[in-house]
Protein chains: 2
Amino acid sequence: MYSEFIIETPLDMHLHLRDEDMLKLVAPLTSKNFSAALIMPNLNPPITTKKDLLNYKERIKKASKNENFEPLMTIFFQVDYSYEFLKEIKDEIIAVKLYPFGVTTNSETGVASMDVEILRPTLQSMEKLGIPLCVHGETKGFIMDREKEFLPIYESLAINFPKLKIMMEHISSKESIDLLKKYDNLYATITIHHLLLTLDDVLGGMLNPHNFCKPIVKRPDDRDALLQLVLNAHPKVMFGSDSAPHQKENKECHHGSAGVFSAPIALQALTQLFEKYNKLDNLNKFLSLNAQKIYNIKAKKKLIKMIKKDFTIPKSYKYNNEEVIPLFSNETLSWSIES
Amino acid sequence: MYSEFIIETPLDMHLHLRDEDMLKLVAPLTSKNFSAALIMPNLNPPITTKKDLLNYKERIKKASKNENFEPLMTIFFQVDYSYEFLKEIKDEIIAVKLYPFGVTTNSETGVASMDVEILRPTLQSMEKLGIPLCVHGETKGFIMDREKEFLPIYESLAINFPKLKIMMEHISSKESIDLLKKYDNLYATITIHHLLLTLDDVLGGMLNPHNFCKPIVKRPDDRDALLQLVLNAHPKVMFGSDSAPHQKENKECHHGSAGVFSAPIALQALTQLFEKYNKLDNLNKFLSLNAQKIYNIKAKKKLIKMIKKDFTIPKSYKYNNEEVIPLFSNETLSWSIES
């Protein structure tokens, strides 16, 4: 029985911080508890130039209010990035993020075709320069099949670019696990909500728009397969919250936005989960060590002391006119962060 | 090419009219265009006594504002209904509706166990008296499997009570069709939304709470199988809209209610659908004749003239403080009702 537990240098390898007031609301909630986070570039318009990237990084640093937090920046994949551009920006980014057109929030400028020949020039440059690729791997098919349908594309990328590190972002289905294990250059991030929720938590009872996300949470056997991988800290998986805040009124409406906001409750929920299955010894691998090995980075040490003490999750987080409802709003977890 | 089409005596064999202001808002929208409708008894508290039934019927008639409309009443299944009670109420009702506990709106007083021996006394009385049984056939399993998991219960009921007419309400999956065809005493209602939507229309793009219902709309192949059955006017299926109005603010919220409101657009949408597949000749069977044969009733003649003319569906329907968003809100159908 643990009554406390030290998380060493937690990393969130998939995070949406947005901009403006929303950035000011959510950045401190991550910067306080994480050593670093990989920041997604899907602003509107997306981050595609060095100037926009550096400016966004500055805004994040300012909003974070914490010197001891590093935003790991990404740019939005474009088929026409030149080798020279990628070489110039290489030291400023940790990865390039690829969105197929129209699959999620602000992906309207994503790539129209996943044809490997169309993607080849950019991916070849990245491979040469050692820049990893992060992918939102979904087709535009039936919602429950989109990730599964995308697997042949992952496979084709893995085969065609054997030295390119490919991150299967926020995997949600058991079929993805088999492919992940098959190719040396495939890795994956996994969210909290895909470990703890199924489609029943979105619409099995009342409709809960705050559990609605892309990829959608799936069947119990998908969740259980992901859970086994994570609890055993499989070396190819790392934590990426995909925490994706939207204003309350853009979730609770006629056309609700996709995204679960989990950043401020992530460490508490993961500690509770790993303790429940007697796997706390693996938590630091999932939350930090695996990612450092996969991305070949050395994160700045940051110790977070977890205490076995009830933590009632706020109903919402607010800043100026922004209000965001977190995952498990108003529920109580059994672990807190020492304040 | 049709430019007009006469619907003869349309019947909605599964309808929620609610009570109070909501009743006043929605009843005229059905009574104007339908000859009769089977009214579901899941008020809060549900209709379980003759007095409540007759009072509710009076309120419906008053709210309907149309002499040429017949509410076909039902009561809420209880395991302790006596033979004498059922005999006394027989001429006032068209069926008894069974809800398993907790599967949908106002089913908190539904039956706790679907054990056939527990249900036997009531069902045996109904069988003797010739009162049909309508069933919301879902378990409490994973949302996409609930109807499929319920099929053995339907089968057990069909075998144990061979002279009881059992209506499989709002069937939503292809597996239900096979069972429907297997037993002579099984029949089914089918909604518009299960013919036209899939899970993608709830959460494949943005989240649309107005397409959220129980049973949930399912996969494309489920929808297509239901469509084939309906377009060919299979004699064991009839139209039941399951039109289930909820206030806008109870749909667009943190815990949204289940139900699609389709009553005022049903005839237009069905005419468009049957015309699209060149099956208009079968529309009156699905909308009227099949139900009259299945329930052995003679509905009062009512002719509705459909015209091929654009009909833009209102964004919402309002009465006092009630506001309900209809299916396909603000979209345009190619058929109108002659006014």
# chains A, B, ... in the order shown; residues from 1 in each chain; ligands from 1
call {"tool": "residues_around", "arguments": {"residues": "Glu149 in chain A", "least_positions_apart": "2", "cutoff": "12 Å", "atoms": "only C-alpha atoms", "output": "list in words"}}
result
Gly137, Glu138, Thr139, Lys140, Gly141, Phe142, Ile143, Met144, Asp145, Arg146, Glu147, Leu151, Pro152, Ile153, Tyr154, Glu155, Ser173, Glu175 and Ser176 of chain A
call {"tool": "write_last_selection", "arguments": {"atoms": "N, CA and C atoms", "output": "compact mmCIF listing (two decimals), in the first residue's frame"}}
result
# COMPACT_ATOMS: atom_id res chain seq x y z
N GLY A 137 -4.14 9.28 -37.09
CA GLY A 137 -4.39 8.19 -38.03
C GLY A 137 -5.83 7.76 -38.11
N GLU A 138 -6.63 8.52 -38.84
CA GLU A 138 -8.02 8.13 -39.08
C GLU A 138 -8.40 8.43 -40.52
N THR A 139 -9.23 7.54 -41.09
CA THR A 139 -9.83 7.79 -42.39
C THR A 139 -11.12 8.59 -42.18
N LYS A 140 -11.85 8.79 -43.25
CA LYS A 140 -13.16 9.44 -43.13
C LYS A 140 -14.29 8.42 -43.20
N GLY A 141 -14.01 7.17 -42.87
CA GLY A 141 -15.02 6.11 -42.90
C GLY A 141 -15.97 6.16 -41.71
N PHE A 142 -16.63 5.03 -41.45
CA PHE A 142 -17.56 4.94 -40.32
C PHE A 142 -16.79 5.13 -39.02
N ILE A 143 -17.35 5.93 -38.13
CA ILE A 143 -16.66 6.39 -36.93
C ILE A 143 -15.94 5.29 -36.13
N MET A 144 -16.54 4.11 -36.03
CA MET A 144 -15.92 3.06 -35.22
C MET A 144 -14.79 2.34 -35.96
N ASP A 145 -14.68 2.59 -37.27
CA ASP A 145 -13.70 1.86 -38.10
C ASP A 145 -12.55 2.73 -38.58
N ARG A 146 -12.60 4.03 -38.31
CA ARG A 146 -11.65 4.95 -38.95
C ARG A 146 -10.19 4.66 -38.64
N GLU A 147 -9.92 4.31 -37.39
CA GLU A 147 -8.52 4.03 -37.04
C GLU A 147 -8.05 2.73 -37.68
N LEU A 151 -4.83 1.79 -40.71
CA LEU A 151 -3.63 0.99 -40.41
C LEU A 151 -2.79 0.66 -41.65
N PRO A 152 -3.41 0.34 -42.80
CA PRO A 152 -2.56 0.10 -43.99
C PRO A 152 -1.72 1.32 -44.37
N ILE A 153 -2.22 2.50 -44.08
CA ILE A 153 -1.43 3.71 -44.37
C ILE A 153 -0.23 3.80 -43.44
N TYR A 154 -0.46 3.54 -42.15
CA TYR A 154 0.67 3.48 -41.21
C TYR A 154 1.70 2.45 -41.69
N GLU A 155 1.20 1.31 -42.12
CA GLU A 155 2.09 0.23 -42.54
C GLU A 155 2.93 0.67 -43.75
N SER A 173 -7.74 1.56 -30.54
CA SER A 173 -8.34 0.26 -30.85
C SER A 173 -7.31 -0.85 -30.78
N GLU A 175 -6.68 -3.29 -32.69
CA GLU A 175 -5.97 -3.62 -33.94
C GLU A 175 -4.69 -2.79 -34.10
N SER A 176 -4.71 -1.57 -33.58
CA SER A 176 -3.52 -0.72 -33.70
C SER A 176 -2.33 -1.29 -32.95
call {"tool": "calpha_fit_and_write", "arguments": {"fixed": "chain B", "moving": "chain A", "output": "compact mmCIF listing (two decimals) with C-alpha atoms, in the first residue's frame"}}
result
# COMPACT_ATOMS: atom_id res chain seq x y z
CA MET A 1 -42.00 10.68 -61.97
CA TYR A 2 -44.57 11.60 -59.39
CA SER A 3 -45.46 15.25 -58.81
CA GLU A 4 -47.99 14.34 -56.14
CA PHE A 5 -48.87 11.31 -54.06
CA ILE A 6 -51.79 10.46 -51.78
CA ILE A 7 -50.98 8.91 -48.42
CA GLU A 8 -54.04 7.08 -47.18
CA THR A 9 -54.71 6.98 -43.46
CA PRO A 10 -51.16 7.33 -42.09
CA LEU A 11 -50.55 5.73 -38.71
CA ASP A 12 -47.68 6.35 -36.32
CA MET A 13 -47.49 3.18 -34.24
CA HIS A 14 -44.94 4.50 -31.71
CA LEU A 15 -45.24 8.06 -30.48
CA HIS A 16 -44.29 10.06 -27.38
CA LEU A 17 -46.58 13.02 -26.74
CA ARG A 18 -45.43 13.90 -23.17
CA ASP A 19 -47.70 16.16 -21.13
CA GLU A 20 -48.44 19.80 -20.21
CA ASP A 21 -46.99 22.43 -22.56
CA MET A 22 -44.90 19.88 -24.45
CA LEU A 23 -48.09 17.91 -25.21
CA LYS A 24 -49.73 21.10 -26.41
CA LEU A 25 -46.75 21.79 -28.66
CA VAL A 26 -46.37 18.35 -30.26
CA ALA A 27 -49.88 16.81 -30.33
CA PRO A 28 -51.21 19.09 -33.09
CA LEU A 29 -48.15 18.35 -35.22
CA THR A 30 -49.14 14.68 -35.34
CA SER A 31 -52.93 14.98 -35.21
CA LYS A 32 -53.01 17.18 -38.28
CA ASN A 33 -51.33 14.64 -40.56
CA PHE A 34 -52.00 11.21 -39.05
CA SER A 35 -55.23 9.29 -38.70
CA ALA A 36 -54.12 7.70 -35.43
CA ALA A 37 -51.05 7.14 -33.32
CA LEU A 38 -50.04 4.63 -30.66
CA ILE A 39 -49.20 6.71 -27.60
CA MET A 40 -46.40 5.59 -25.29
CA PRO A 41 -47.20 5.57 -21.56
CA ASN A 42 -43.79 6.56 -20.15
CA LEU A 43 -44.85 9.72 -18.42
CA ASN A 44 -43.37 10.49 -15.03
CA PRO A 45 -45.00 8.71 -13.21
CA PRO A 46 -46.03 6.25 -15.95
CA ILE A 47 -49.62 5.40 -16.94
CA THR A 48 -50.62 2.29 -14.98
CA THR A 49 -54.26 2.87 -13.96
CA LYS A 50 -57.49 3.22 -15.89
CA LYS A 51 -58.12 6.61 -14.37
CA ASP A 52 -54.72 7.98 -15.41
CA LEU A 53 -55.14 6.46 -18.83
CA LEU A 54 -58.53 8.05 -19.50
CA ASN A 55 -57.41 11.39 -18.15
CA TYR A 56 -54.30 11.32 -20.33
CA LYS A 57 -56.39 10.42 -23.36
CA GLU A 58 -58.64 13.41 -22.67
CA ARG A 59 -55.65 15.74 -22.39
CA ILE A 60 -54.32 14.39 -25.67
CA LYS A 61 -57.66 14.85 -27.43
CA LYS A 62 -57.91 18.38 -26.16
CA ALA A 63 -54.33 19.25 -27.15
CA SER A 64 -54.72 17.60 -30.56
CA LYS A 65 -57.32 20.11 -31.73
CA ASN A 66 -58.44 17.67 -34.38
CA GLU A 67 -61.55 15.49 -34.22
CA ASN A 68 -60.18 13.41 -37.02
CA PHE A 69 -57.31 11.92 -34.98
CA GLU A 70 -57.40 8.91 -32.69
CA PRO A 71 -54.88 8.38 -29.89
CA LEU A 72 -54.38 4.63 -29.47
CA MET A 73 -53.58 4.28 -25.81
CA THR A 74 -51.14 1.98 -24.00
CA ILE A 75 -50.31 1.30 -20.37
CA PHE A 76 -46.90 0.76 -18.80
CA PHE A 77 -46.17 -2.93 -18.16
CA GLN A 78 -46.21 -4.04 -14.51
CA VAL A 79 -45.56 -7.56 -13.26
CA ASP A 80 -48.53 -7.34 -10.91
CA TYR A 81 -51.33 -6.44 -13.31
CA SER A 82 -54.22 -8.80 -12.52
CA TYR A 83 -56.29 -10.59 -15.15
CA GLU A 84 -59.32 -8.65 -13.92
CA PHE A 85 -57.59 -5.31 -14.32
CA LEU A 86 -56.42 -6.16 -17.83
CA LYS A 87 -59.89 -7.38 -18.75
CA GLU A 88 -61.43 -4.18 -17.48
CA ILE A 89 -58.98 -1.95 -19.37
CA LYS A 90 -58.80 -4.07 -22.54
CA ASP A 91 -61.17 -1.95 -24.61
CA GLU A 92 -59.36 1.26 -23.70
CA ILE A 93 -55.91 0.19 -24.88
CA ILE A 94 -54.28 -1.11 -28.00
CA ALA A 95 -51.27 -2.65 -26.22
CA VAL A 96 -49.17 -2.83 -23.07
CA LYS A 97 -45.66 -1.38 -23.31
CA LEU A 98 -42.81 -3.14 -21.55
CA TYR A 99 -39.66 -1.25 -20.57
CA PRO A 100 -36.73 -3.03 -18.95
CA PHE A 101 -35.51 -0.97 -16.00
CA GLY A 102 -33.36 2.03 -16.85
CA VAL A 103 -32.88 1.58 -20.60
CA THR A 104 -34.39 4.86 -21.78
CA THR A 105 -36.33 8.02 -20.83
CA ASN A 106 -38.61 7.51 -17.82
CA SER A 107 -37.91 3.78 -17.57
CA GLU A 108 -36.85 3.94 -13.91
CA THR A 109 -40.04 2.07 -13.01
CA GLY A 110 -39.50 -0.55 -15.72
CA VAL A 111 -39.24 -4.27 -14.99
CA ALA A 112 -36.15 -5.22 -13.00
CA SER A 113 -35.87 -8.72 -14.45
CA MET A 114 -36.75 -10.06 -17.88
CA ASP A 115 -37.04 -13.59 -16.43
CA VAL A 116 -39.93 -15.14 -18.29
CA GLU A 117 -41.34 -16.72 -15.12
CA ILE A 118 -41.57 -13.34 -13.44
CA LEU A 119 -43.35 -11.90 -16.47
CA ARG A 120 -45.57 -14.97 -17.02
CA PRO A 121 -48.71 -14.03 -15.04
CA THR A 122 -49.21 -10.70 -16.81
CA LEU A 123 -48.23 -12.02 -20.24
CA GLN A 124 -50.49 -15.03 -19.88
CA SER A 125 -53.42 -12.77 -19.07
CA MET A 126 -52.62 -10.57 -22.05
CA GLU A 127 -52.34 -13.60 -24.30
CA LYS A 128 -55.77 -14.84 -23.17
CA LEU A 129 -57.33 -11.41 -23.60
CA GLY A 130 -55.66 -10.78 -26.97
CA ILE A 131 -53.77 -7.69 -25.82
CA PRO A 132 -50.55 -7.11 -27.79
CA LEU A 133 -47.21 -6.45 -26.07
CA CYS A 134 -44.86 -3.67 -27.19
CA VAL A 135 -41.26 -4.02 -26.00
CA HIS A 136 -38.26 -1.70 -25.77
CA GLY A 137 -35.81 -4.52 -26.43
CA GLU A 138 -32.44 -3.54 -25.04
CA THR A 139 -30.17 -4.91 -22.33
CA LYS A 140 -27.89 -2.75 -20.23
CA GLY A 141 -24.78 -3.98 -22.07
CA PHE A 142 -22.43 -2.07 -24.38
CA ILE A 143 -24.43 0.50 -26.34
CA MET A 144 -23.83 -1.03 -29.79
CA ASP A 145 -24.77 -4.54 -28.60
CA ARG A 146 -27.84 -3.92 -26.43
CA GLU A 147 -30.46 -4.82 -29.00
CA LYS A 148 -28.57 -7.87 -30.22
CA GLU A 149 -28.13 -9.06 -26.63
CA PHE A 150 -31.88 -8.73 -26.07
CA LEU A 151 -32.82 -11.06 -28.95
CA PRO A 152 -32.78 -14.27 -26.84
CA ILE A 153 -35.35 -12.61 -24.58
CA TYR A 154 -37.59 -11.84 -27.55
CA GLU A 155 -37.15 -15.43 -28.67
CA SER A 156 -38.09 -16.77 -25.25
CA LEU A 157 -41.20 -14.57 -25.15
CA ALA A 158 -42.20 -15.64 -28.67
CA ILE A 159 -41.87 -19.32 -27.78
CA ASN A 160 -43.49 -19.14 -24.33
CA PHE A 161 -46.47 -17.07 -25.44
CA PRO A 162 -47.19 -18.20 -29.00
CA LYS A 163 -50.55 -16.40 -29.20
CA LEU A 164 -49.24 -13.14 -27.79
CA LYS A 165 -48.53 -10.55 -30.47
CA ILE A 166 -45.11 -9.11 -29.66
CA MET A 167 -44.01 -5.82 -31.18
CA MET A 168 -40.25 -5.35 -31.37
CA GLU A 169 -40.21 -1.58 -31.06
CA HIS A 170 -37.87 0.66 -33.08
CA ILE A 171 -35.58 -2.14 -34.29
CA SER A 172 -32.15 -0.83 -35.21
CA SER A 173 -29.89 -3.72 -36.14
CA LYS A 174 -29.72 -6.31 -38.87
CA GLU A 175 -29.70 -9.21 -36.39
CA SER A 176 -33.21 -8.25 -35.27
CA ILE A 177 -34.54 -8.80 -38.76
CA ASP A 178 -33.60 -12.46 -38.79
CA LEU A 179 -35.43 -13.07 -35.52
CA LEU A 180 -38.45 -11.06 -36.66
CA LYS A 181 -38.84 -13.37 -39.64
CA LYS A 182 -38.37 -16.52 -37.56
CA TYR A 183 -41.45 -16.35 -35.29
CA ASP A 184 -45.02 -15.78 -36.47
CA ASN A 185 -45.95 -13.73 -33.41
CA LEU A 186 -43.11 -11.19 -33.72
CA TYR A 187 -43.68 -7.85 -35.46
CA ALA A 188 -41.68 -4.64 -35.55
CA THR A 189 -41.91 -0.89 -35.76
CA ILE A 190 -39.19 1.07 -37.52
CA THR A 191 -38.43 4.79 -37.16
CA ILE A 192 -37.32 7.28 -39.79
CA HIS A 193 -34.04 8.00 -38.07
CA HIS A 194 -33.00 4.34 -38.05
CA LEU A 195 -33.64 4.33 -41.82
CA LEU A 196 -31.70 7.50 -42.55
CA LEU A 197 -28.98 7.92 -39.92
CA THR A 198 -25.98 6.02 -38.62
CA LEU A 199 -23.77 6.62 -35.61
CA ASP A 200 -21.78 8.98 -37.87
CA ASP A 201 -24.73 11.38 -37.79
CA VAL A 202 -24.49 11.54 -34.00
CA LEU A 203 -20.74 11.86 -33.56
CA GLY A 204 -18.90 11.23 -36.81
CA GLY A 205 -18.44 14.95 -37.39
CA MET A 206 -19.47 17.44 -34.77
CA LEU A 207 -21.58 16.02 -31.92
CA ASN A 208 -25.30 16.32 -32.73
CA PRO A 209 -27.40 15.76 -29.60
CA HIS A 210 -30.61 15.98 -31.63
CA ASN A 211 -29.72 12.72 -33.41
CA PHE A 212 -29.03 10.98 -30.07
CA CYS A 213 -31.62 8.35 -29.19
CA LYS A 214 -32.15 4.90 -27.71
CA PRO A 215 -31.64 2.49 -29.31
CA ILE A 216 -28.71 4.38 -30.77
CA VAL A 217 -28.52 4.55 -34.58
CA LYS A 218 -26.01 1.96 -35.69
CA ARG A 219 -23.74 0.94 -38.55
CA PRO A 220 -24.39 1.56 -42.28
CA ASP A 221 -25.14 -2.13 -42.88
CA ASP A 222 -27.76 -2.10 -40.13
CA ARG A 223 -29.44 0.94 -41.66
CA ASP A 224 -29.32 -0.63 -45.13
CA ALA A 225 -30.88 -3.90 -43.95
CA LEU A 226 -33.75 -2.01 -42.27
CA LEU A 227 -34.18 0.06 -45.41
CA GLN A 228 -34.61 -3.03 -47.60
CA LEU A 229 -37.26 -4.39 -45.25
CA VAL A 230 -39.19 -1.12 -45.22
CA LEU A 231 -38.94 -0.23 -48.90
CA ASN A 232 -40.37 -3.65 -49.72
CA ALA A 233 -43.10 -3.10 -47.11
CA HIS A 234 -42.45 -6.40 -45.40
CA PRO A 235 -45.85 -7.31 -43.88
CA LYS A 236 -44.42 -7.66 -40.35
CA VAL A 237 -43.10 -4.10 -40.18
CA MET A 238 -44.94 -0.85 -39.69
CA PHE A 239 -44.01 2.77 -39.17
CA GLY A 240 -43.47 3.96 -35.61
CA SER A 241 -41.67 7.28 -35.46
CA ASP A 242 -40.58 7.01 -31.81
CA SER A 243 -40.74 10.78 -32.11
CA ALA A 244 -39.59 11.79 -28.64
CA PRO A 245 -39.45 15.51 -27.97
CA HIS A 246 -37.15 16.99 -25.35
CA GLN A 247 -36.59 20.63 -24.56
CA LYS A 248 -33.63 22.08 -26.47
CA GLU A 249 -31.78 22.81 -23.23
CA ASN A 250 -32.21 19.21 -22.08
CA LYS A 251 -30.53 18.02 -25.28
CA GLU A 252 -27.76 20.61 -25.57
CA CYS A 253 -26.24 20.18 -22.12
CA HIS A 254 -23.82 18.17 -19.98
CA HIS A 255 -26.25 15.23 -19.58
CA GLY A 256 -28.38 15.17 -22.70
CA SER A 257 -31.68 13.28 -23.02
CA ALA A 258 -32.22 10.57 -25.61
CA GLY A 259 -34.84 11.04 -28.32
CA VAL A 260 -35.26 12.24 -31.90
CA PHE A 261 -38.19 14.55 -32.68
CA SER A 262 -39.41 13.58 -36.13
CA ALA A 263 -43.22 13.72 -36.06
CA PRO A 264 -43.73 16.93 -38.08
CA ILE A 265 -41.36 15.87 -40.86
CA ALA A 266 -42.17 12.16 -40.98
CA LEU A 267 -44.50 12.03 -43.98
CA GLN A 268 -42.33 14.35 -46.06
CA ALA A 269 -39.13 12.43 -45.28
CA LEU A 270 -40.71 9.02 -45.93
CA THR A 271 -42.22 10.14 -49.23
CA GLN A 272 -38.84 11.45 -50.35
CA LEU A 273 -37.16 8.21 -49.28
CA PHE A 274 -39.65 5.87 -50.98
CA GLU A 275 -39.59 7.98 -54.14
CA LYS A 276 -35.78 7.95 -54.22
CA TYR A 277 -35.83 4.14 -54.42
CA ASN A 278 -38.83 4.01 -56.77
CA LYS A 279 -40.94 2.33 -54.09
CA LEU A 280 -43.76 4.83 -53.56
CA ASP A 281 -46.25 2.04 -54.34
CA ASN A 282 -45.26 0.45 -51.03
CA LEU A 283 -45.49 3.56 -48.87
CA ASN A 284 -49.12 3.12 -47.81
CA LYS A 285 -48.44 -0.43 -46.71
CA PHE A 286 -45.61 0.69 -44.44
CA LEU A 287 -47.50 3.74 -43.21
CA SER A 288 -50.92 2.22 -42.69
CA LEU A 289 -52.05 -1.13 -44.09
CA ASN A 290 -49.47 -3.34 -42.39
CA ALA A 291 -50.24 -1.84 -38.99
CA GLN A 292 -53.99 -2.27 -39.44
CA LYS A 293 -53.48 -5.94 -40.24
CA ILE A 294 -50.97 -6.55 -37.46
CA TYR A 295 -53.09 -4.89 -34.77
CA ASN A 296 -56.36 -5.98 -36.40
CA ILE A 297 -57.77 -2.45 -36.34
CA LYS A 298 -59.72 -0.37 -38.84
CA ALA A 299 -58.39 3.17 -38.86
CA LYS A 300 -60.53 6.13 -39.83
CA LYS A 301 -59.84 7.20 -43.40
CA LYS A 302 -57.70 10.31 -43.78
CA LEU A 303 -56.13 11.39 -47.05
CA ILE A 304 -52.91 13.40 -47.03
CA LYS A 305 -51.85 14.89 -50.31
CA MET A 306 -48.10 15.05 -50.76
CA ILE A 307 -46.71 17.48 -53.33
CA LYS A 308 -43.24 17.49 -54.88
CA LYS A 309 -42.31 20.92 -53.63
CA ASP A 310 -39.46 21.99 -51.36
CA PHE A 311 -40.16 21.94 -47.63
CA THR A 312 -37.61 23.65 -45.43
CA ILE A 313 -37.85 22.15 -41.98
CA PRO A 314 -38.20 24.76 -39.22
CA LYS A 315 -35.12 25.32 -37.04
CA SER A 316 -37.28 24.61 -34.03
CA TYR A 317 -40.86 24.28 -32.84
CA LYS A 318 -41.96 26.45 -29.90
CA TYR A 319 -44.85 26.82 -27.49
CA ASN A 320 -44.62 28.97 -24.37
CA ASN A 321 -41.28 28.01 -22.82
CA GLU A 322 -40.92 24.77 -24.77
CA GLU A 323 -38.55 24.65 -27.72
CA VAL A 324 -37.80 21.44 -29.60
CA ILE A 325 -35.32 20.93 -32.43
CA PRO A 326 -36.66 18.57 -35.11
CA LEU A 327 -34.76 15.94 -37.07
CA PHE A 328 -33.02 17.59 -40.06
CA SER A 329 -33.60 21.02 -38.54
CA ASN A 330 -33.32 23.77 -41.16
CA GLU A 331 -32.64 21.28 -43.97
CA THR A 332 -34.82 21.07 -47.07
CA LEU A 333 -36.84 18.06 -48.19
CA SER A 334 -38.23 17.70 -51.70
CA TRP A 335 -41.79 16.81 -50.64
CA SER A 336 -44.39 18.92 -48.82
CA ILE A 337 -47.82 18.27 -47.40
CA GLU A 338 -50.51 20.19 -49.27
CA SER A 339 -51.77 22.84 -46.90
call {"tool": "select_by_dssp", "arguments": {"residues": "range 66-314 of chain B", "states": "strand (DSSP E or B)", "output": "number ranges by chain"}}
result
B: 70-76, 95-98, 100, 111, 133-135, 166-168, 186-190, 207, 237-239, 243, 256, 303-307, 311-312
call {"tool": "select_by_dssp", "arguments": {"residues": "range 130-320 of chain A", "states": "helix (DSSP H, G or I)", "output": "JSON, numbers by chain"}}
result
{"A": [146, 147, 148, 149, 150, 151, 152, 153, 154, 155, 156, 157, 158, 159, 160, 174, 175, 176, 177, 178, 179, 180, 181, 182, 193, 194, 195, 196, 200, 201, 202, 203, 209, 210, 211, 220, 221, 222, 223, 224, 225, 226, 227, 228, 229, 230, 231, 248, 249, 250, 251, 263, 264, 265, 266, 267, 268, 269, 270, 271, 272, 273, 274, 275, 276, 280, 281, 282, 283, 284, 285, 286, 287, 288, 289, 290, 291, 292, 293, 294, 295]}
call {"tool": "write_last_selection", "arguments": {"atoms": "C-alpha atoms", "output": "compact mmCIF listing (two decimals), in the first residue's frame"}}
result
# COMPACT_ATOMS: atom_id res chain seq x y z
CA ARG A 146 -11.65 4.95 -38.95
CA GLU A 147 -8.52 4.03 -37.04
CA LYS A 148 -8.60 0.42 -38.20
CA GLU A 149 -9.03 1.57 -41.80
CA PHE A 150 -5.98 3.82 -41.45
CA LEU A 151 -3.63 0.99 -40.41
CA PRO A 152 -2.56 0.10 -43.99
CA ILE A 153 -1.43 3.71 -44.37
CA TYR A 154 0.67 3.48 -41.21
CA GLU A 155 2.09 0.23 -42.54
CA SER A 156 2.97 1.79 -45.88
CA LEU A 157 4.67 4.73 -44.15
CA ALA A 158 6.62 2.39 -41.85
CA ILE A 159 7.85 0.32 -44.80
CA ASN A 160 8.62 3.23 -47.15
CA LYS A 174 -6.86 -3.16 -30.27
CA GLU A 175 -5.97 -3.62 -33.94
CA SER A 176 -3.52 -0.72 -33.70
CA ILE A 177 -1.53 -2.55 -31.06
CA ASP A 178 -0.69 -5.42 -33.37
CA LEU A 179 0.65 -3.05 -36.01
CA LEU A 180 2.57 -1.01 -33.44
CA LYS A 181 4.45 -4.14 -32.41
CA LYS A 182 5.13 -5.22 -35.99
CA HIS A 193 -9.70 8.79 -21.69
CA HIS A 194 -8.95 5.90 -24.05
CA LEU A 195 -7.77 3.94 -20.99
CA LEU A 196 -10.79 4.73 -18.83
CA ASP A 200 -20.92 3.97 -23.23
CA ASP A 201 -19.44 6.96 -21.39
CA VAL A 202 -20.34 9.20 -24.31
CA LEU A 203 -23.85 7.97 -25.08
CA PRO A 209 -20.43 15.94 -24.81
CA HIS A 210 -17.38 16.34 -22.56
CA ASN A 211 -16.39 12.72 -23.24
CA PRO A 220 -14.54 -2.38 -23.75
CA ASP A 221 -12.12 -4.85 -25.35
CA ASP A 222 -10.28 -2.00 -27.09
CA ARG A 223 -9.94 -0.13 -23.80
CA ASP A 224 -8.76 -3.28 -22.02
CA ALA A 225 -6.10 -4.04 -24.65
CA LEU A 226 -4.72 -0.48 -24.38
CA LEU A 227 -4.77 -0.77 -20.61
CA GLN A 228 -2.63 -3.94 -20.65
CA LEU A 229 -0.08 -2.23 -22.89
CA VAL A 230 0.13 0.83 -20.67
CA LEU A 231 0.11 -0.87 -17.27
CA LYS A 248 -18.36 24.83 -22.52
CA GLU A 249 -20.84 26.39 -24.94
CA ASN A 250 -19.02 24.88 -27.92
CA LYS A 251 -19.43 21.43 -26.37
CA ALA A 263 -4.59 17.96 -18.41
CA PRO A 264 -5.26 19.11 -14.82
CA ILE A 265 -6.40 15.68 -13.64
CA ALA A 266 -3.99 13.52 -15.62
CA LEU A 267 -1.39 12.71 -12.97
CA GLN A 268 -4.01 12.03 -10.30
CA ALA A 269 -6.06 9.76 -12.57
CA LEU A 270 -3.03 7.84 -13.83
CA THR A 271 -1.66 7.31 -10.32
CA GLN A 272 -5.04 5.97 -9.21
CA LEU A 273 -5.22 3.69 -12.24
CA PHE A 274 -1.70 2.26 -11.89
CA GLU A 275 -2.18 1.76 -8.16
CA LYS A 276 -5.49 -0.04 -8.72
CA LEU A 280 2.81 1.91 -9.82
CA ASP A 281 6.37 0.74 -10.47
CA ASN A 282 5.69 1.20 -14.18
CA LEU A 283 4.12 4.64 -14.00
CA ASN A 284 7.32 6.63 -14.52
CA LYS A 285 8.16 4.62 -17.60
CA PHE A 286 4.80 5.42 -19.17
CA LEU A 287 4.86 9.04 -18.03
CA SER A 288 8.47 9.89 -18.80
CA LEU A 289 11.21 7.35 -19.51
CA ASN A 290 9.67 5.72 -22.57
CA ALA A 291 9.10 9.09 -24.24
CA GLN A 292 12.66 10.24 -23.53
CA LYS A 293 14.01 7.10 -25.17
CA ILE A 294 11.62 7.19 -28.13
CA TYR A 295 12.29 10.86 -28.92
